[in-house]
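Visitor: Input entry-v6.cif, format and content: mmCIF, C-alpha atoms.
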data_final
#
loop_
_atom_site.label_atom_id
_atom_site.label_comp_id
_atom_site.auth_asym_id
_atom_site.auth_seq_id
_atom_site.Cartn_x
_atom_site.Cartn_y
_atom_site.Cartn_z
CA MET M 1 -35.90 -16.37 38.21
CA ALA M 2 -33.24 -17.88 35.95
CA THR M 3 -34.12 -20.81 33.71
CA LYS M 4 -32.22 -24.10 33.93
CA HIS M 5 -30.40 -23.17 30.73
CA GLU M 6 -29.26 -19.85 32.24
CA GLU M 7 -28.20 -21.58 35.48
CA ILE M 8 -25.92 -23.91 33.52
CA ILE M 9 -24.40 -20.99 31.57
CA HIS M 10 -23.70 -19.10 34.84
CA TYR M 11 -22.18 -22.28 36.28
CA LEU M 12 -19.88 -22.63 33.27
CA GLU M 13 -18.83 -18.98 33.44
CA LYS M 14 -17.57 -19.49 37.01
CA LEU M 15 -15.45 -22.54 36.15
CA PRO M 16 -11.67 -21.98 36.05
CA ILE M 17 -10.00 -21.89 32.63
CA GLY M 18 -8.96 -25.39 31.58
CA ARG M 19 -11.52 -27.26 33.73
CA LYS M 20 -13.11 -30.22 31.93
CA VAL M 21 -16.88 -30.11 31.39
CA SER M 22 -19.06 -33.22 31.47
CA VAL M 23 -22.72 -33.46 30.46
CA ARG M 24 -23.29 -36.17 33.01
CA ALA M 25 -21.57 -34.27 35.85
CA ILE M 26 -23.47 -31.03 35.17
CA ALA M 27 -26.77 -32.90 34.98
CA ARG M 28 -26.00 -34.54 38.34
CA ASP M 29 -24.69 -31.44 40.12
CA LEU M 30 -27.40 -29.05 38.91
CA LYS M 31 -30.20 -31.66 38.92
CA VAL M 32 -31.20 -31.19 35.30
CA SER M 33 -31.70 -33.66 32.46
CA GLU M 34 -28.70 -34.65 30.36
CA GLY M 35 -30.48 -33.27 27.28
CA THR M 36 -30.81 -29.84 28.93
CA ALA M 37 -27.17 -29.95 30.02
CA TYR M 38 -26.03 -30.92 26.53
CA ARG M 39 -27.94 -28.07 24.83
CA ALA M 40 -26.57 -25.53 27.30
CA ILE M 41 -23.00 -26.74 26.73
CA LYS M 42 -23.44 -26.48 22.95
CA SER M 43 -24.77 -22.94 23.42
CA ALA M 44 -21.74 -22.11 25.58
CA GLU M 45 -19.46 -23.57 22.91
CA THR M 46 -21.04 -21.33 20.27
CA ASN M 47 -20.48 -18.32 22.54
CA GLY M 48 -16.83 -19.22 23.16
CA LEU M 49 -17.10 -20.26 26.82
CA VAL M 50 -16.09 -23.88 26.25
CA ALA M 51 -14.41 -25.85 23.46
CA THR M 52 -14.35 -29.50 22.46
CA ILE M 53 -10.76 -30.64 21.91
CA GLU M 54 -9.95 -33.92 20.14
CA ARG M 55 -9.06 -36.73 22.61
CA VAL M 56 -9.33 -34.36 25.57
CA GLY M 57 -13.02 -33.52 25.79
CA THR M 58 -14.91 -30.31 26.49
CA VAL M 59 -13.03 -27.71 28.54
CA ARG M 60 -13.61 -24.18 29.81
CA ILE M 61 -11.64 -21.69 27.70
CA GLU M 62 -11.05 -17.97 27.48
CA LYS M 63 -13.58 -15.98 25.52
CA ASP M 64 -12.82 -16.01 21.79
CA ARG M 65 -11.27 -12.89 20.33
CA PRO M 66 -12.61 -11.30 17.13
CA LYS M 67 -10.93 -12.58 13.99
CA LYS M 68 -9.24 -10.35 11.45
CA ILE M 69 -8.31 -10.85 7.82
CA ASP M 70 -5.49 -13.37 8.10
CA GLU M 71 -2.36 -13.26 5.95
CA LEU M 72 -4.02 -12.70 2.58
CA SER M 73 -1.50 -11.26 0.15
CA PHE M 74 -2.16 -9.42 -3.09
CA ALA M 75 -0.63 -12.43 -4.88
CA ASP M 76 -3.32 -14.61 -3.28
CA VAL M 77 -5.99 -12.25 -4.59
CA LEU M 78 -4.40 -12.32 -8.04
CA ASP M 79 -4.66 -16.11 -8.14
CA VAL M 80 -8.23 -16.19 -6.83
CA ILE M 81 -9.63 -13.75 -9.39
CA ASP M 82 -7.52 -14.93 -12.36
CA GLY M 83 -6.17 -11.41 -12.72
CA ARG M 84 -3.31 -9.84 -14.63
CA VAL M 85 -0.79 -7.38 -13.20
CA LEU M 86 -0.71 -3.97 -14.89
CA GLY M 87 1.75 -2.38 -12.49
CA GLY M 88 3.30 -2.56 -9.02
CA ALA M 89 4.39 -6.20 -9.39
CA ASN M 90 7.03 -5.73 -6.67
CA GLY M 91 4.27 -5.37 -4.09
CA LEU M 92 2.43 -8.62 -4.78
CA ASP M 93 3.85 -10.31 -1.66
CA LYS M 94 2.50 -7.60 0.64
CA GLU M 95 -0.49 -8.45 2.83
CA LEU M 96 -3.72 -6.50 2.61
CA ASN M 97 -5.62 -5.43 5.71
CA LYS M 98 -9.04 -4.79 4.14
CA PHE M 99 -10.72 -4.30 0.79
CA VAL M 100 -12.95 -1.41 -0.25
CA ILE M 101 -15.55 -1.40 -3.01
CA GLY M 102 -15.26 2.00 -4.68
CA ALA M 103 -18.90 2.35 -5.72
CA MET M 104 -19.01 6.05 -4.76
CA THR M 105 -17.63 9.39 -5.80
CA GLU M 106 -13.89 10.02 -5.60
CA THR M 107 -14.27 12.40 -2.67
CA ALA M 108 -16.50 10.00 -0.74
CA MET M 109 -13.99 7.19 -1.19
CA ILE M 110 -11.11 8.88 0.61
CA PRO M 111 -12.25 8.28 4.25
CA TYR M 112 -12.50 4.55 3.57
CA ILE M 113 -9.06 4.16 2.01
CA SER M 114 -6.14 3.21 4.24
CA PRO M 115 -2.60 2.06 3.48
CA MET M 116 -2.37 -1.58 2.30
CA SER M 117 -6.07 -1.82 1.55
CA LEU M 118 -7.37 -3.07 -1.80
CA VAL M 119 -9.75 -0.74 -3.63
CA ILE M 120 -12.05 -2.49 -6.10
CA VAL M 121 -13.21 -0.14 -8.88
CA GLY M 122 -14.26 -0.26 -12.50
CA ASN M 123 -13.01 1.83 -15.42
CA ARG M 124 -12.47 5.00 -13.35
CA ASP M 125 -9.01 6.47 -13.81
CA GLU M 126 -9.33 9.22 -11.19
CA ALA M 127 -10.60 6.80 -8.53
CA GLN M 128 -7.67 4.50 -9.24
CA LYS M 129 -5.24 7.40 -8.90
CA ILE M 130 -6.71 8.50 -5.55
CA ALA M 131 -6.40 4.96 -4.17
CA LEU M 132 -2.77 4.65 -5.23
CA THR M 133 -1.78 8.05 -3.86
CA HIS M 134 -3.34 7.08 -0.50
CA GLY M 135 -1.25 3.91 -0.24
CA ALA M 136 -3.81 1.38 -1.44
CA ALA M 137 -3.59 -1.25 -4.17
CA VAL M 138 -6.19 -1.28 -6.95
CA LEU M 139 -8.25 -4.03 -8.53
CA ILE M 140 -9.97 -3.02 -11.77
CA THR M 141 -13.05 -5.09 -12.60
CA GLY M 142 -14.57 -5.63 -16.04
CA GLY M 143 -11.27 -6.40 -17.78
CA PHE M 144 -10.30 -2.74 -18.34
CA ASP M 145 -6.72 -1.44 -18.64
CA ALA M 146 -5.15 1.45 -16.71
CA THR M 147 -3.56 4.69 -17.84
CA LYS M 148 0.22 4.96 -18.08
CA GLU M 149 0.14 7.54 -15.28
CA ASN M 150 -1.54 5.11 -12.89
CA ILE M 151 0.74 2.25 -13.92
CA ASP M 152 3.77 4.45 -13.15
CA LEU M 153 2.25 5.38 -9.77
CA ALA M 154 1.77 1.70 -8.94
CA ASP M 155 5.34 0.82 -9.93
CA GLU M 156 6.78 3.70 -7.92
CA ALA M 157 4.83 2.83 -4.78
CA ALA M 158 5.16 -0.98 -5.24
CA LEU M 159 1.37 -1.24 -4.95
CA PRO M 160 -0.25 -3.85 -7.21
CA LEU M 161 -2.52 -2.55 -9.97
CA ILE M 162 -4.54 -5.58 -11.09
CA SER M 163 -7.20 -6.12 -13.74
CA THR M 164 -9.76 -8.94 -13.85
CA ASN M 165 -12.59 -9.86 -16.21
CA TYR M 166 -14.93 -10.56 -13.29
CA ASP M 167 -17.53 -8.04 -12.08
CA THR M 168 -17.34 -6.41 -8.64
CA PHE M 169 -19.87 -8.71 -6.96
CA THR M 170 -18.08 -11.86 -8.15
CA VAL M 171 -14.69 -10.50 -7.09
CA ALA M 172 -15.96 -9.68 -3.58
CA SER M 173 -17.49 -13.15 -3.26
CA LEU M 174 -14.29 -14.86 -4.37
CA ILE M 175 -12.12 -12.87 -1.97
CA ASN M 176 -14.51 -13.50 0.94
CA ARG M 177 -14.43 -17.22 0.24
CA GLU M 178 -10.62 -17.23 0.16
CA ILE M 179 -10.50 -15.41 3.50
CA SER M 180 -12.89 -17.98 4.98
CA ASN M 181 -10.81 -20.87 3.61
CA LYS M 182 -7.61 -19.42 5.08
CA ASN M 183 -9.26 -18.91 8.46
CA ILE M 184 -10.44 -22.52 8.53
CA GLN M 185 -7.02 -23.83 7.54
CA GLN M 186 -5.33 -21.79 10.27
CA GLU M 187 -7.71 -23.12 12.93
CA ILE M 188 -6.93 -26.76 12.13
CA MET M 189 -4.09 -27.94 14.33
CA THR M 190 -1.27 -29.70 12.51
CA VAL M 191 1.77 -31.73 13.48
CA ALA M 192 3.79 -28.50 13.27
CA ASP M 193 1.95 -27.27 16.39
CA VAL M 194 3.18 -30.09 18.66
CA PHE M 195 6.12 -32.02 17.18
CA ALA M 196 9.56 -32.11 18.76
CA PRO M 197 12.14 -30.86 16.19
CA VAL M 198 15.16 -32.96 15.36
CA ASP M 199 17.58 -30.64 17.17
CA GLN M 200 15.71 -31.30 20.44
CA ILE M 201 15.57 -35.09 20.30
CA GLN M 202 18.01 -38.00 20.34
CA VAL M 203 18.35 -40.23 17.29
CA LEU M 204 20.38 -43.28 16.39
CA ARG M 205 22.37 -44.15 13.27
CA GLN M 206 21.68 -47.35 11.36
CA THR M 207 25.37 -48.26 11.74
CA GLN M 208 25.12 -48.21 15.54
CA LYS M 209 24.46 -51.28 17.66
CA VAL M 210 22.04 -52.50 20.30
CA ALA M 211 24.58 -51.46 22.95
CA ASP M 212 24.31 -47.85 21.71
CA TYR M 213 20.52 -48.06 21.99
CA GLN M 214 20.79 -49.33 25.57
CA ALA M 215 23.17 -46.53 26.52
CA LEU M 216 20.91 -43.87 25.02
CA ARG M 217 17.86 -45.42 26.70
CA ARG M 218 19.50 -45.29 30.11
CA SER M 219 20.67 -41.68 29.68
CA THR M 220 17.32 -40.34 28.42
CA ASN M 221 14.74 -42.71 29.99
CA ASN M 222 13.18 -42.97 26.52
CA THR M 223 12.55 -46.32 24.84
CA ARG M 224 11.65 -45.21 21.28
CA PHE M 225 14.07 -43.60 18.83
CA ALA M 226 14.16 -42.77 15.14
CA VAL M 227 17.01 -44.30 13.15
CA VAL M 228 18.66 -42.26 10.40
CA THR M 229 21.54 -42.41 7.93
CA ASP M 230 24.66 -40.31 8.38
CA LYS M 231 22.95 -37.67 6.19
CA GLY M 232 19.83 -37.56 8.37
CA ARG M 233 17.49 -39.57 6.15
CA LEU M 234 14.96 -41.65 8.09
CA VAL M 235 15.39 -45.42 7.69
CA GLY M 236 13.55 -46.86 10.68
CA VAL M 237 12.36 -46.78 14.29
CA VAL M 238 13.67 -48.89 17.15
CA THR M 239 11.96 -49.64 20.49
CA LEU M 240 12.70 -51.76 23.53
CA GLN M 241 10.55 -54.59 22.16
CA ASP M 242 12.54 -54.64 18.90
CA ILE M 243 15.89 -55.41 20.58
CA GLU M 244 14.67 -58.17 22.88
CA GLY M 245 16.63 -61.37 22.33
CA PHE M 246 19.44 -59.70 20.40
CA SER M 247 23.03 -59.31 21.59
CA GLU M 248 24.53 -55.89 22.26
CA GLY M 249 26.76 -56.25 19.21
CA THR M 250 23.80 -56.56 16.78
CA LEU M 251 23.47 -53.72 14.27
CA LEU M 252 20.33 -51.62 14.64
CA ASP M 253 19.77 -52.07 10.93
CA LYS M 254 18.98 -55.73 11.71
CA VAL M 255 16.44 -55.13 14.49
CA MET M 256 14.73 -51.80 13.74
CA VAL M 257 11.30 -51.44 12.14
CA LYS M 258 11.99 -50.40 8.56
CA ASN M 259 9.67 -48.21 6.47
CA PRO M 260 7.83 -46.87 9.55
CA ILE M 261 4.61 -44.86 9.38
CA THR M 262 5.49 -41.18 8.97
CA VAL M 263 3.84 -37.77 8.84
CA THR M 264 4.84 -34.31 7.65
CA ARG M 265 4.61 -30.98 9.44
CA HIS M 266 1.45 -30.24 7.45
CA THR M 267 -0.38 -33.43 8.49
CA SER M 268 -3.45 -32.60 10.57
CA LEU M 269 -3.08 -33.39 14.24
CA ALA M 270 -6.30 -35.41 14.15
CA ASN M 271 -4.80 -37.67 11.48
CA ALA M 272 -1.58 -38.07 13.46
CA ILE M 273 -3.56 -39.03 16.57
CA HIS M 274 -5.51 -41.58 14.56
CA LEU M 275 -2.29 -43.09 13.21
CA LEU M 276 -0.86 -43.40 16.73
CA THR M 277 -3.95 -45.02 18.21
CA SER M 278 -5.14 -47.21 15.34
CA ASN M 279 -1.66 -48.68 14.81
CA SER M 280 -0.90 -48.98 18.55
CA ILE M 281 2.37 -47.10 18.23
CA ASP M 282 3.91 -44.44 20.45
CA LEU M 283 6.11 -42.50 18.04
CA LEU M 284 5.63 -40.97 14.60
CA PRO M 285 8.66 -39.65 12.71
CA VAL M 286 8.10 -36.31 10.97
CA VAL M 287 9.82 -36.07 7.58
CA ASN M 288 10.16 -33.64 4.69
CA ARG M 289 9.67 -34.38 1.00
CA ASN M 290 13.17 -35.89 0.79
CA PHE M 291 12.37 -38.20 3.72
CA ASP M 292 14.85 -36.39 5.94
CA LEU M 293 13.92 -36.58 9.62
CA VAL M 294 12.76 -33.17 10.92
CA GLY M 295 11.27 -34.30 14.24
CA VAL M 296 8.93 -36.72 15.99
CA VAL M 297 5.43 -36.82 17.44
CA ASN M 298 4.71 -39.10 20.38
CA ARG M 299 1.89 -39.70 22.81
CA ASN M 300 3.39 -37.22 25.26
CA ASN M 301 3.01 -34.47 22.63
CA VAL M 302 -0.66 -35.36 22.27
CA GLN M 303 -1.28 -35.54 26.00
CA ALA M 304 0.18 -32.03 26.29
CA LEU M 305 -3.01 -30.84 24.63
CA ASP M 306 -4.70 -31.16 28.00
CA GLN M 307 -4.19 -27.39 28.24
CA PRO M 308 -6.85 -24.75 27.52
CA LEU M 309 -6.84 -23.73 23.86
CA SER M 310 -8.25 -20.68 22.14
CA HIS M 311 -10.88 -22.33 19.94
CA GLU M 312 -12.37 -20.20 17.21
CA ARG M 313 -15.50 -21.41 15.41
CA THR M 314 -14.70 -23.03 12.10
CA TRP M 315 -17.73 -22.73 9.85
CA THR M 316 -16.99 -25.79 7.78
CA LEU M 317 -19.89 -27.84 6.44
CA GLN M 318 -19.11 -30.51 9.03
CA TYR M 319 -19.36 -27.94 11.82
CA GLN M 320 -22.67 -26.60 10.48
CA ILE M 321 -24.07 -30.14 10.30
CA SER M 322 -22.89 -30.79 13.85
CA GLU M 323 -24.52 -27.61 15.14
CA SER M 324 -27.86 -28.48 13.52
CA MET M 325 -28.27 -31.70 15.51
CA TYR M 326 -30.13 -31.82 18.83
CA THR M 327 -31.28 -34.47 21.27
CA ILE M 328 -34.97 -35.40 21.36
CA GLU M 329 -36.58 -35.50 24.78
CA HIS M 330 -39.56 -37.85 24.87
CA GLU M 331 -42.52 -37.50 27.17
CA GLN M 332 -41.89 -40.78 28.98
CA VAL M 333 -39.50 -40.46 31.89
CA GLU M 334 -38.03 -43.95 31.72
CA THR M 335 -36.75 -45.70 28.63
CA ASP M 336 -34.72 -48.80 27.87
CA ALA M 337 -32.61 -46.92 25.33
CA ILE M 338 -28.95 -46.48 26.28
CA PHE M 339 -28.54 -43.44 24.06
CA PRO M 340 -30.91 -40.59 23.19
CA ASP M 341 -32.60 -40.03 19.86
CA TRP M 342 -31.20 -37.25 17.70
CA GLY M 343 -33.07 -34.79 15.52
CA VAL M 344 -32.24 -32.36 12.74
CA HIS M 345 -34.15 -29.96 10.50
CA ILE M 346 -33.19 -30.32 6.83
CA THR M 347 -32.04 -27.02 5.30
CA PRO M 348 -31.31 -26.15 1.63
CA GLN M 349 -27.56 -26.35 2.30
CA MET M 350 -27.98 -30.08 3.02
CA ALA M 351 -29.74 -30.87 -0.24
CA ASN M 352 -28.57 -32.56 -3.44
CA GLU M 353 -29.47 -31.50 -6.98
CA LEU M 354 -32.94 -33.07 -6.55
CA GLY M 355 -33.77 -30.90 -3.57
CA ALA M 356 -33.61 -33.85 -1.15
CA LEU M 357 -31.22 -34.66 1.68
CA SER M 358 -27.78 -35.49 0.29
CA ILE M 359 -26.56 -39.00 1.06
CA GLY M 360 -23.20 -37.54 2.08
CA VAL M 361 -24.86 -35.31 4.68
CA LEU M 362 -27.00 -38.25 5.83
CA SER M 363 -23.83 -40.29 6.40
CA GLU M 364 -22.36 -37.40 8.39
CA PHE M 365 -25.48 -37.31 10.60
CA ILE M 366 -25.06 -41.02 11.31
CA THR M 367 -21.36 -40.57 12.09
CA LEU M 368 -22.02 -37.69 14.47
CA ALA M 369 -24.97 -39.37 16.20
CA THR M 370 -23.00 -42.53 17.00
CA THR M 371 -19.64 -41.01 17.96
CA ARG M 372 -21.21 -38.12 19.87
CA SER M 373 -23.47 -40.48 21.83
CA LEU M 374 -20.49 -42.61 22.86
CA ARG M 375 -18.50 -39.53 23.86
CA ILE M 376 -21.24 -37.79 25.85
CA TYR M 377 -23.06 -40.68 27.47
CA GLN M 378 -20.28 -43.25 27.90
CA GLN M 379 -17.21 -40.97 27.92
CA LYS M 380 -15.59 -42.89 25.07
CA ALA M 381 -13.66 -41.40 22.17
CA SER M 382 -14.42 -43.30 18.96
CA MET M 383 -14.30 -43.22 15.19
CA VAL M 384 -16.61 -44.82 12.64
CA ASP M 385 -15.00 -47.93 11.16
CA GLN M 386 -17.80 -49.00 8.79
CA ILE M 387 -21.25 -47.86 7.65
CA ASP M 388 -23.70 -50.07 5.74
CA LEU M 389 -26.40 -47.61 4.64
CA ASN M 390 -29.72 -48.18 2.91
CA TYR M 391 -31.50 -44.98 1.81
CA PHE M 392 -35.14 -45.93 1.05
CA ARG M 393 -37.01 -42.63 0.69
CA LEU M 394 -35.83 -39.12 -0.12
CA VAL M 395 -35.98 -36.62 2.76
CA GLN M 396 -37.19 -33.24 1.55
CA ILE M 397 -36.03 -29.75 2.50
CA ASP M 398 -37.75 -28.20 5.55
CA HIS M 399 -38.64 -31.63 6.94
CA ASP M 400 -37.42 -33.04 10.24
CA LEU M 401 -35.30 -36.17 10.54
CA GLU M 402 -35.06 -38.34 13.66
CA ILE M 403 -32.14 -40.70 14.26
CA HIS M 404 -32.75 -43.69 16.58
CA LEU M 405 -29.79 -45.70 17.88
CA ASN M 406 -30.02 -49.32 19.02
CA VAL M 407 -26.92 -51.09 20.32
CA VAL M 408 -26.35 -54.42 18.60
CA ASN M 409 -23.01 -55.27 20.19
CA GLU M 410 -20.55 -53.46 22.42
CA ASN M 411 -17.21 -54.34 23.96
CA ARG M 412 -13.98 -52.59 24.91
CA ARG M 413 -12.84 -52.14 21.31
CA LEU M 414 -15.98 -51.87 19.18
CA ALA M 415 -19.58 -50.67 19.35
CA THR M 416 -22.10 -51.69 16.68
CA PHE M 417 -25.35 -49.76 16.18
CA ASP M 418 -28.55 -50.47 14.29
CA VAL M 419 -29.65 -46.99 13.18
CA ASP M 420 -33.19 -46.08 12.08
CA MET M 421 -33.90 -42.71 10.43
CA ILE M 422 -37.47 -41.47 10.55
CA SER M 423 -39.12 -38.56 8.72
CA ASP M 424 -42.85 -37.80 8.77
CA HIS M 425 -43.36 -40.97 10.86
CA THR M 426 -41.89 -43.04 8.00
CA LEU M 427 -38.70 -45.08 7.93
CA VAL M 428 -36.50 -43.38 5.33
CA ALA M 429 -33.14 -45.05 5.92
CA LYS M 430 -31.42 -47.77 7.93
CA ALA M 431 -27.76 -48.28 8.71
CA LEU M 432 -25.53 -50.71 10.50
CA VAL M 433 -22.61 -48.76 11.99
CA THR M 434 -19.45 -50.08 13.64
CA CYS M 435 -17.45 -47.64 15.76
CA GLN M 436 -13.88 -48.30 16.89
CA ILE M 437 -13.35 -47.28 20.52
CA ILE M 438 -10.14 -45.28 20.76
CA GLU M 439 -9.98 -44.68 24.50
CA GLU M 440 -11.90 -43.85 27.65
CA ILE M 441 -12.08 -40.08 28.11
#
Re-express the file's structure as structure tokens.

Guide:
Amino acid sequence: MATKHEEIIHYLEKLPIGRKVSVRAIARDLKVSEGTAYRAIKSAETNGLVATIERVGTVRIEKDRPKKIDELSFADVLDVIDGRVLGGANGLDKELNKFVIGAMTETAMIPYISPMSLVIVGNRDEAQKIALTHGAAVLITGGFDATKENIDLADEAALPLISTNYDTFTVASLINREISNKNIQQEIMTVADVFAPVDQIQVLRQTQKVADYQALRRSTNNTRFAVVTDKGRLVGVVTLQDIEGFSEGTLLDKVMVKNPITVTRHTSLANAIHLLTSNSIDLLPVVNRNFDLVGVVNRNNVQALDQPLSHERTWTLQYQISESMYTIEHEQVETDAIFPDWGVHITPQMANELGALSIGVLSEFITLATTRSLRIYQQKASMVDQIDLNYFRLVQIDHDLEIHLNVVNENRRLATFDVDMISDHTLVAKALVTCQIIEEI
């Protein structure tokens, strides 16, 4: 007979792609506790069945695909390992597909070498030659030079021949870390993923008048436009509210909002969303380094994210901290608490130089406990506005930490928590946390 956890997983597997998932709804439909439903959903998220999308919620997604080495060029490797180019400089911009540690005989190496791989070897001339003749670049560890024959081979094939002072283990660690960093960066959605480019939108010139705004508004049914110079440089934003009370002959330069909040294509989407909501605006101009308008982001772009996304796991420290937290189910059935207690086991990765829980990680636990509780149990998206933290006692590695939330004040815009943190039945920290409610999910 299937356990409750397995029943929830089977239920999630049968949901159509893109369907929203709610802890409260699953607990009600399957007659399980909200804690059990939450743990099952987190397990499904780890396995790629569901994903939590900013400002949308948790949705059923397609199973994650395996990840490959992403767009790491030989030039990237050169920078990471502080190397010097001995030959094949014309091939530095090529992308590698794998790297091979040549800690074996020359004959044994051959099956592992493929074109555009990077073979890491020491001061072994013949091994370097075999790699180059099989279409692979070479990284020589230990700071050694190469023979003229191998340098000529590298130049002829445009395959980088690089030397570094690092040892093989250090080189492999550095390259692996760079691959991980690139994967994380690629998984973070940016404005470039959703913005409307300038050739697909309507803009106004600062020399135009309110009458021109009204005509464009009627023809497009839009009420918000970026205002630019004749050369395309952003100078302002104009909305329906800005023109109220002004005659149709008034220049837009007199009524527009000057020096508007802007973003670039590389701004994270989460930051753009925060700027839209926290400033109560509906349009963000996207500019380049010269402040030329390249597009806009508006609330419609953000709402378009209500589509299923492929959501790979990003093993950032924040994600690892998030995954380590769990809800605590108490023996009593009824409780006056609005939100559950949270628990976490302190691991060495969370420690400071004293071997105790880092205050930065502790702050992240508080942030996650408050915002996650609001999202799961009240269906409210929020962000922490202020934390007043008092850390009384150090929490040691391999100890458990409990986080108790008590609501001090709550309204439509703000929620204030009194947070107690307990370890070994002792109060170790207290915090007063204010969360800004962004919207109802």

Visitor: Taking all atoms of range 14-22 of chain M that the file lists and extending 3 Å past them on each side, where is the centre of the axis-aligned box and how long are its edges? Answer in Å to one decimal, as AutoDock Vina command-line options.

Guide:
--center_x -14.0 --center_y -26.4 --center_z 34.2 --size_x 16.1 --size_y 19.7 --size_z 11.6

Visitor: For this file, the PyMOL selection byres ((chain M and resi 400) around 10) selects which residues, as a list in words?

Guide: Gly343, Val344, His345, Ile346, Thr347, Val395, Gln396, Ile397, Asp398, His399, Leu401, Glu402, Ile422, Ser423, Asp424 and His425 of chain M

Visitor: Just how far from CA of Ala137 in chain M is CA of Ser117 in chain M, in Å to one decimal?

Guide: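 One can read the CA of Ser117 in chain M to CA of Ala137 in chain M distance as 6.3 Å.
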
Visitor: Report as a list in words the full result of the PyMOL selection byres ((chain M and resi 252) around 6) when it is applied to this structure.

Guide: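 Checking the PyMOL selection byres ((chain M and resi 252) around 6) against this file, the residues are Gln206, Gln208, Lys209, Val210, Leu251, Asp253, Lys254, Val255 and Met256 of chain M.
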
Visitor: For Asn352 in chain M, which residue among M:Ile9, M:Leu394, M:Ile162, M:Leu269 is the nearest when counting only C-alpha atoms?

Guide: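 Of the candidates, the smallest distance to Asn352 in chain M is held by M:Leu394.
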
Visitor: Run the PyMOL selection byres ((chain M and resi 420) around 6) mentally over the shown coordinates, then write out the matched residues as a PyMOL selection string, using the chain letters and numbers from the document.

Guide: chain M and resi 403-404+419+421+430

Visitor: Can those selected residues be exported to a file as a PDB file, in the coordinates of the input so that it contains C-alpha atoms?

Guide:
ATOM      1  CA  ILE M 403     -32.140 -40.700  14.260  1.00  0.00           C
ATOM      2  CA  HIS M 404     -32.750 -43.690  16.580  1.00  0.00           C
ATOM      3  CA  VAL M 419     -29.650 -46.990  13.180  1.00  0.00           C
ATOM      4  CA  MET M 421     -33.900 -42.710  10.430  1.00  0.00           C
ATOM      5  CA  LYS M 430     -31.420 -47.770   7.930  1.00  0.00           C
TER       6      LYS M 430
END

Visitor: Which one is closest to Thr264 in chain M: M:Ser173, M:Ser280, M:Asn288, M:Ser43? Count all atoms listed in the file.

Guide: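 Using all atoms listed in the file, Thr264 in chain M sits closest to M:Asn288.
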
Visitor: Between CA of Arg205 in chain M and CA of Thr229 in chain M, what is the distance, to one decimal in Å?

Guide: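 Value for the CA of Arg205 in chain M-CA of Thr229 in chain M distance: 5.7 Å.
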
Visitor: Between M:Val294, M:Ile8, M:Ile338, M:Leu427, which has the minimum distance to Ala196 in chain M (counting all atoms listed in the file)?

Guide: M:Val294

Visitor: Rounded to one decimal in Å, what is the spacing between CA of Val286 in chain M and CA of Lys258 in chain M?

Guide: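 We find that CA of Val286 in chain M and CA of Lys258 in chain M lie 14.8 Å from each other.
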
Visitor: Could you tell me which of M:Gly122, M:Gly142, M:Gly102, M:Gly88 comes closest to Leu159 in chain M if we count only C-alpha atoms?

Guide: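 Distance minimum relative to Leu159 in chain M lands on M:Gly88.
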
Visitor: I want to know what sits within 12 Å of Gly135 in chain M, based on all atoms listed in the file, with residues of the same chain fewer than 6 positions away left out; could you give that as JSON, numbers by chain?

Guide: {"M": [88, 91, 96, 97, 110, 112, 113, 114, 115, 116, 117, 118, 119, 128, 129, 153, 154, 156, 157, 158, 159, 160, 161]}

Visitor: For Ile151 in chain M, find every residue with an atom within 8 Å (counting all atoms listed in the file), except residues of its own chain fewer than 4 positions away, and show them as a PDB file with C-alpha atoms, keeping the file's coordinate frame.

Guide:
ATOM      1  CA  LEU M  86      -0.710  -3.970 -14.890  1.00  0.00           C
ATOM      2  CA  GLY M  87       1.750  -2.380 -12.490  1.00  0.00           C
ATOM      3  CA  GLY M  88       3.300  -2.560  -9.020  1.00  0.00           C
ATOM      4  CA  ALA M 146      -5.150   1.450 -16.710  1.00  0.00           C
ATOM      5  CA  THR M 147      -3.560   4.690 -17.840  1.00  0.00           C
ATOM      6  CA  ASP M 155       5.340   0.820  -9.930  1.00  0.00           C
ATOM      7  CA  LEU M 161      -2.520  -2.550  -9.970  1.00  0.00           C
TER       8      LEU M 161
END

Visitor: List every protein, DNA or RNA residue that has at least one atom no more than 8 Å from (-26.7, -46.0, 6.7) in the file's coordinates, counting only C-alpha atoms, and write the result as a list in words.

Guide: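 Within the cut-off we find Leu362, Ser363, Ile366, Ile387, Asp388, Leu389, Asn390, Tyr391, Val419, Ala429, Lys430, Ala431, Leu432 and Val433 of chain M.
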
Visitor: Would you save the residues of that selection, restricted to C-alpha atoms, as a PDB file, keeping the file's coordinate frame?

Guide:
ATOM      1  CA  LEU M 362     -27.000 -38.250   5.830  1.00  0.00           C
ATOM      2  CA  SER M 363     -23.830 -40.290   6.400  1.00  0.00           C
ATOM      3  CA  ILE M 366     -25.060 -41.020  11.310  1.00  0.00           C
ATOM      4  CA  ILE M 387     -21.250 -47.860   7.650  1.00  0.00           C
ATOM      5  CA  ASP M 388     -23.700 -50.070   5.740  1.00  0.00           C
ATOM      6  CA  LEU M 389     -26.400 -47.610   4.640  1.00  0.00           C
ATOM      7  CA  ASN M 390     -29.720 -48.180   2.910  1.00  0.00           C
ATOM      8  CA  TYR M 391     -31.500 -44.980   1.810  1.00  0.00           C
ATOM      9  CA  VAL M 419     -29.650 -46.990  13.180  1.00  0.00           C
ATOM     10  CA  ALA M 429     -33.140 -45.050   5.920  1.00  0.00           C
ATOM     11  CA  LYS M 430     -31.420 -47.770   7.930  1.00  0.00           C
ATOM     12  CA  ALA M 431     -27.760 -48.280   8.710  1.00  0.00           C
ATOM     13  CA  LEU M 432     -25.530 -50.710  10.500  1.00  0.00           C
ATOM     14  CA  VAL M 433     -22.610 -48.760  11.990  1.00  0.00           C
TER      15      VAL M 433
END
